[in-house]
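Participant: Dropping a structure here in C-alpha cells format, bear with me for questions.
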Amino acid sequence: MPNPRDTRDASDAIPADMPPADVDLARIERAVREILLAVGENPDREGLLKTPNRVARAYAELMAGLQDDPRRHLKTVFRERYDEIVLLRDIEFHSLCEHHLLPFTGRAHVAYLPDGKVVGLSKLARLVEGYARRPQVQERLTTQIADALNEELNPIGAACVIEAVHTCMTIRGAKKHGSTMVTSALRGIFKENPSSRSEVLALMHYGNGLKV
Ligand SMILES: [Zn+2]
C-alpha cells in the first residue's frame, strides 16, 4: 500500500540521514496557506498550489532533531588509552533560529580529551546534527554539544566552537552581510587550564578552521 505521506516531487532534495519529524503536516499546510493569504498572495494559483505541502515537509525535515535524543550517539563507546585531544573540525550544519524561524548555517568544531572513553568520529557529527535540527539559538546549540560530551564521556576536557551566519541578520533587519557569529563552550581542563585551552583552540584554528 502506498504511503500517503510519500508525496515527494522533483523539487525535493535527497533526504537527510535523519528521518523527518512526525509533525502535523496538515496543520502546517493550513498555517502556510494563511501566511500566503495574509501577505496578499493567492494560494490557489498554480505556482503556489503545492507550496503549503512542500513547506510542511521541509519543516518536518528541519525539525527532525526535536524527537531525537542526540546523546544516544554517545552511548556506544570504545575503551581506549588515548590521552591526546580528539577533534572533529568543520562539521557543517543547518539550523533554524528560533526567534525568526530563518536558517542559520555554519560549522561546528568539536573536541574532547578522553579519559578512557572514545566514540567514533561520525558520532560527533550526528551529535551536532541532532541538536541543530530544531528551533535553536547558537549559544544553546554550542553548550548542548559541549555538555553532552562532558556528561556522557566524562572526558578530561570538552570543547565546542561554532561559527555561523544567521540569515535573520543578513537578509533582513541589520542586513550585516558576511558577519559571522562565533560561540564557544569549554568544559573541564579546557576551561580551567589556559595552556590546554590554547592548545585546543589552536587546533581548531589550524588550516581551514576558524577564520577569526
Ligand atoms: Zn533570528
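Identifiers in this document derive from the order of the C-alpha cells: chains are assigned A, B, ..., residues are numbered from 1 separately in each chain, and ligands are numbered from 1 in order of occurrence.
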Hey, what's within 12 Å of Cys160 in chain A if we count only C-alpha atoms and toss same-chain stuff fewer than 4 positions away? As a PyMOL selection string, please?
Facilitator: chain A and resi 86-91+107-112+124-125+127-128+138-150+182-187+190-191+197+200-201+204
Participant: Show me which residues line ligand 1, defined as having an atom within 9 Å of a ligand atom where only C-alpha atoms and all ligand atoms count, and present them as number ranges by chain.
Facilitator: A: 96-104, 137, 166-169
Participant: I need the residue nearest Gly116 in chain A from this list: A:Glu84, A:Asp69, A:Glu46, A:Asp24. Use only C-alpha atoms for the distance.
Facilitator: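 Closest candidate: A:Glu84.
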Participant: Which neighbours of Pro155 in chain A fall inside 9 Å, counting only C-alpha atoms, when residues of the same chain fewer than 2 positions from it are skipped, and could you give them as a list in words?
Facilitator: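 Counting only C-alpha atoms, the residues come to Tyr112, Leu113, Pro114, Asp115, Gly116, Lys117, Val118, Leu149, Asn150, Glu151, Glu152, Leu153, Gly157, Ala158 and Gly188 of chain A.
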Participant: Write the residues you've just listed into a file as an mmCIF file, in the first residue's frame, and include N, CA, C and O atoms for each of them.
Facilitator:
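Writing the result to part_38.cif gives the following:
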data_model
loop_
_atom_site.group_PDB
_atom_site.id
_atom_site.type_symbol
_atom_site.label_atom_id
_atom_site.label_comp_id
_atom_site.auth_asym_id
_atom_site.auth_seq_id
_atom_site.Cartn_x
_atom_site.Cartn_y
_atom_site.Cartn_z
ATOM 1 N N TYR A 112 37.422 16.750 22.354
ATOM 2 C CA TYR A 112 37.466 16.306 23.743
ATOM 3 C C TYR A 112 38.806 15.646 24.018
ATOM 4 O O TYR A 112 39.506 15.194 23.097
ATOM 5 N N LEU A 113 39.145 15.651 25.283
ATOM 6 C CA LEU A 113 40.365 14.980 25.734
ATOM 7 C C LEU A 113 39.887 13.776 26.538
ATOM 8 O O LEU A 113 39.393 13.941 27.655
ATOM 9 N N PRO A 114 39.954 12.569 25.939
ATOM 10 C CA PRO A 114 39.302 11.415 26.566
ATOM 11 C C PRO A 114 39.961 10.980 27.873
ATOM 12 O O PRO A 114 41.154 11.194 28.083
ATOM 13 N N ASP A 115 39.132 10.385 28.695
ATOM 14 C CA ASP A 115 39.633 9.763 29.916
ATOM 15 C C ASP A 115 39.242 8.293 29.867
ATOM 16 O O ASP A 115 38.545 7.791 30.744
ATOM 17 N N GLY A 116 39.636 7.618 28.766
ATOM 18 C CA GLY A 116 39.332 6.201 28.617
ATOM 19 C C GLY A 116 38.165 5.910 27.689
ATOM 20 O O GLY A 116 38.096 4.849 27.093
ATOM 21 N N LYS A 117 37.233 6.843 27.568
ATOM 22 C CA LYS A 117 36.059 6.609 26.711
ATOM 23 C C LYS A 117 36.186 7.403 25.416
ATOM 24 O O LYS A 117 36.319 8.631 25.439
ATOM 25 N N VAL A 118 36.116 6.675 24.280
ATOM 26 C CA VAL A 118 36.262 7.287 22.962
ATOM 27 C C VAL A 118 35.044 6.892 22.124
ATOM 28 O O VAL A 118 34.545 5.773 22.248
ATOM 29 N N LEU A 149 28.874 15.946 25.527
ATOM 30 C CA LEU A 149 30.182 15.284 25.521
ATOM 31 C C LEU A 149 30.715 15.137 26.942
ATOM 32 O O LEU A 149 31.207 14.066 27.342
ATOM 33 N N ASN A 150 30.614 16.210 27.683
ATOM 34 C CA ASN A 150 31.169 16.240 29.031
ATOM 35 C C ASN A 150 30.468 15.245 29.950
ATOM 36 O O ASN A 150 31.107 14.542 30.729
ATOM 37 N N GLU A 151 29.153 15.162 29.837
ATOM 38 C CA GLU A 151 28.392 14.316 30.752
ATOM 39 C C GLU A 151 28.334 12.859 30.311
ATOM 40 O O GLU A 151 28.254 11.958 31.150
ATOM 41 N N GLU A 152 28.379 12.608 29.003
ATOM 42 C CA GLU A 152 28.283 11.214 28.537
ATOM 43 C C GLU A 152 29.634 10.507 28.526
ATOM 44 O O GLU A 152 29.715 9.321 28.780
ATOM 45 N N LEU A 153 30.697 11.250 28.190
ATOM 46 C CA LEU A 153 32.012 10.593 28.060
ATOM 47 C C LEU A 153 32.906 10.826 29.280
ATOM 48 O O LEU A 153 33.966 10.206 29.371
ATOM 49 N N GLY A 157 38.482 16.944 29.261
ATOM 50 C CA GLY A 157 38.028 18.235 28.773
ATOM 51 C C GLY A 157 37.120 18.058 27.565
ATOM 52 O O GLY A 157 37.214 17.046 26.857
ATOM 53 N N ALA A 158 36.225 19.032 27.341
ATOM 54 C CA ALA A 158 35.367 19.010 26.153
ATOM 55 C C ALA A 158 35.243 20.446 25.652
ATOM 56 O O ALA A 158 35.275 21.393 26.442
ATOM 57 N N GLY A 188 35.764 21.338 31.645
ATOM 58 C CA GLY A 188 36.894 20.616 32.232
ATOM 59 C C GLY A 188 38.202 21.354 32.061
ATOM 60 O O GLY A 188 38.274 22.580 32.247
#
Participant: Rank nothing, just name the residue among A:Leu49, A:Ala26, A:Ala132, A:Leu121 nearest to Glu61 in chain A, using only C-alpha atoms.
Facilitator: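 Of all the options, A:Ala132 lies closest to Glu61 in chain A.
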Participant: I'd like the neighbourhood of Asn53 in chain A as a list in words, where a residue qualifies if any of its atoms comes within 9 Å (using only C-alpha atoms), though same-chain residues fewer than 5 positions away should be ignored.
Facilitator: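 Those residues are Thr7, Leu25, Ala26, Ile28, Glu29, Val32 and Ala58 of chain A.
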Participant: Keeping only C-alpha atoms, take the residues you just selected and write them out as a PDB file, in the first residue's frame.
Facilitator:
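The result, stored in again27.pdb:
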ATOM      1  CA  THR A   7       4.106  12.843  -1.801  1.00  0.00           C
ATOM      2  CA  LEU A  25       1.732  18.188   8.259  1.00  0.00           C
ATOM      3  CA  ALA A  26      -1.889  19.194   7.618  1.00  0.00           C
ATOM      4  CA  ILE A  28       1.436  23.359   8.920  1.00  0.00           C
ATOM      5  CA  GLU A  29      -0.176  23.331   5.473  1.00  0.00           C
ATOM      6  CA  VAL A  32       1.262  28.313   5.394  1.00  0.00           C
ATOM      7  CA  ALA A  58      10.617  20.912   4.734  1.00  0.00           C
TER       8      ALA A  58
END
Participant: Using DSSP on the backbone, list every residue of chain A that comes out as helix (DSSP H, G or I), and give them as a PyMOL selection string.
Facilitator: chain A and resi 25-38+46-48+51-62+64-67+70-74+121-132+138-153+167-170+189-192+194-205
Participant: Got a sec to tell me which of range 107-162 of chain A DSSP assigns to strand (DSSP E or B), as a compact mmCIF listing (two decimals) with N, CA and C atoms, in the first residue's frame?
Facilitator:
# COMPACT_ATOMS: atom_id res chain seq x y z
N ARG A 107 29.57 26.07 10.75
CA ARG A 107 30.44 24.92 11.02
C ARG A 107 30.70 24.82 12.52
N ALA A 108 30.69 23.60 12.98
CA ALA A 108 31.00 23.34 14.38
C ALA A 108 32.34 22.61 14.45
N HIS A 109 33.09 22.93 15.48
CA HIS A 109 34.35 22.25 15.75
C HIS A 109 34.20 21.65 17.15
N VAL A 110 34.35 20.34 17.23
CA VAL A 110 34.05 19.63 18.48
C VAL A 110 35.29 18.85 18.90
N ALA A 111 35.66 19.01 20.16
CA ALA A 111 36.88 18.33 20.63
C ALA A 111 36.68 17.81 22.05
N TYR A 112 37.42 16.75 22.35
CA TYR A 112 37.47 16.31 23.74
C TYR A 112 38.81 15.65 24.02
N LEU A 113 39.14 15.65 25.28
CA LEU A 113 40.37 14.98 25.73
C LEU A 113 39.89 13.78 26.54
N LYS A 117 37.23 6.84 27.57
CA LYS A 117 36.06 6.61 26.71
C LYS A 117 36.19 7.40 25.42
N VAL A 118 36.12 6.68 24.28
CA VAL A 118 36.26 7.29 22.96
C VAL A 118 35.04 6.89 22.12
N PRO A 135 14.24 24.22 16.38
CA PRO A 135 14.37 25.66 16.59
C PRO A 135 15.46 25.90 17.63
N GLN A 136 16.43 26.75 17.29
CA GLN A 136 17.62 26.85 18.14
C GLN A 136 18.09 28.29 18.28
N GLY A 157 38.48 16.94 29.26
CA GLY A 157 38.03 18.24 28.77
C GLY A 157 37.12 18.06 27.56
N ALA A 158 36.22 19.03 27.34
CA ALA A 158 35.37 19.01 26.15
C ALA A 158 35.24 20.45 25.65
N ALA A 159 35.13 20.59 24.34
CA ALA A 159 35.05 21.93 23.76
C ALA A 159 34.20 21.92 22.50
N CYS A 160 33.44 22.98 22.34
CA CYS A 160 32.69 23.16 21.10
C CYS A 160 32.78 24.63 20.70
N VAL A 161 33.20 24.88 19.48
CA VAL A 161 33.22 26.23 18.93
C VAL A 161 32.39 26.21 17.66
N ILE A 162 31.49 27.18 17.54
CA ILE A 162 30.62 27.23 16.36
C ILE A 162 30.73 28.60 15.72
Participant: Excluding Tyr59 in chain A and residues on its chain fewer than 4 positions from it, collect all residues at most 9 Å away from it, counting only C-alpha atoms, and give them as a VMD selection string.
Facilitator: chain A and resid 20 to 21 23 25 28 54 to 55 63 to 64
Participant: Which residue, A:Lys123, A:Arg172, A:Tyr82, A:Thr105, has the smallest gap to Ile156 in chain A when you use only C-alpha atoms?
Facilitator: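 Using only C-alpha atoms, Ile156 in chain A sits closest to A:Tyr82.
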Participant: Measure the distance from CA of Arg27 in chain A to CA of Arg57 in chain A in Å and round it to one decimal.
Facilitator: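 Calculated distance between CA of Arg27 in chain A and CA of Arg57 in chain A is 11.4 Å.
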Participant: Which residue gives the smallest distance to Val165 in chain A among A:Arg30, A:Gln67, A:Gly178, A:Leu48, with only C-alpha atoms counted?
Facilitator: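 So, comparing all the options, the nearest one is A:Gly178.
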